[in-house]
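Notes follow once the structure below has been shown.
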Amino acid sequence: IGDRQVTQGQSIVAKSSAKKLRRAGENVMCGFAGSTADALTLLEKLEGKLNEYPNQLTRACVELAKEWRSDK
């Protein structure tokens, strides 16, 4: 469930078009809060890892974490 509440600085802005739940691959749903730019970047990278390792969610997540931590 996503509340579609978006913050900008210290202000709370309710947007009916905000989508906090996104599909990653065929069988994975991702929800995120906080820094949207980072969340969307992570989602895109997770989708790539799911394509690289189909039907292996745990492995895709581990490989993403390795890449994210070593990315400078």
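If you're wondering about the labels, chains in the structure tokens are A, B, ... by order shown, residues count from 1 in each chain, ligands from 1 in order shown.
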
Near Glu44 (chain A), within 12 Å and counting only C-alpha atoms, which residues show up once chain neighbours fewer than 2 positions away are dropped, as a short mmCIF file (atom, residue, chain, number, x, y, z; two decimals) with C-alpha atoms, in the first residue's frame?
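Dumped to part01.cif:
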```cif
data_model
loop_
_atom_site.label_atom_id
_atom_site.label_comp_id
_atom_site.auth_asym_id
_atom_site.auth_seq_id
_atom_site.Cartn_x
_atom_site.Cartn_y
_atom_site.Cartn_z
CA ARG A 22 6.66 -0.38 -8.90
CA ARG A 23 7.03 -3.71 -10.63
CA ALA A 24 10.56 -5.06 -11.12
CA GLY A 25 10.54 -7.99 -13.49
CA CYS A 30 9.11 -2.82 -4.93
CA ALA A 37 16.00 9.47 -7.07
CA ASP A 38 18.05 6.82 -5.26
CA ALA A 39 15.05 4.51 -5.07
CA LEU A 40 14.37 4.76 -8.80
CA THR A 41 18.05 4.18 -9.61
CA LEU A 42 18.08 1.09 -7.39
CA LEU A 46 17.44 -4.39 -9.72
CA GLU A 47 15.49 -4.87 -12.94
CA GLY A 48 18.79 -5.32 -14.77
CA LYS A 49 19.97 -7.89 -12.24
CA LEU A 50 16.64 -9.74 -12.46
CA ASN A 51 17.12 -9.94 -16.22
CA LEU A 64 22.98 -5.51 -6.75
#
```
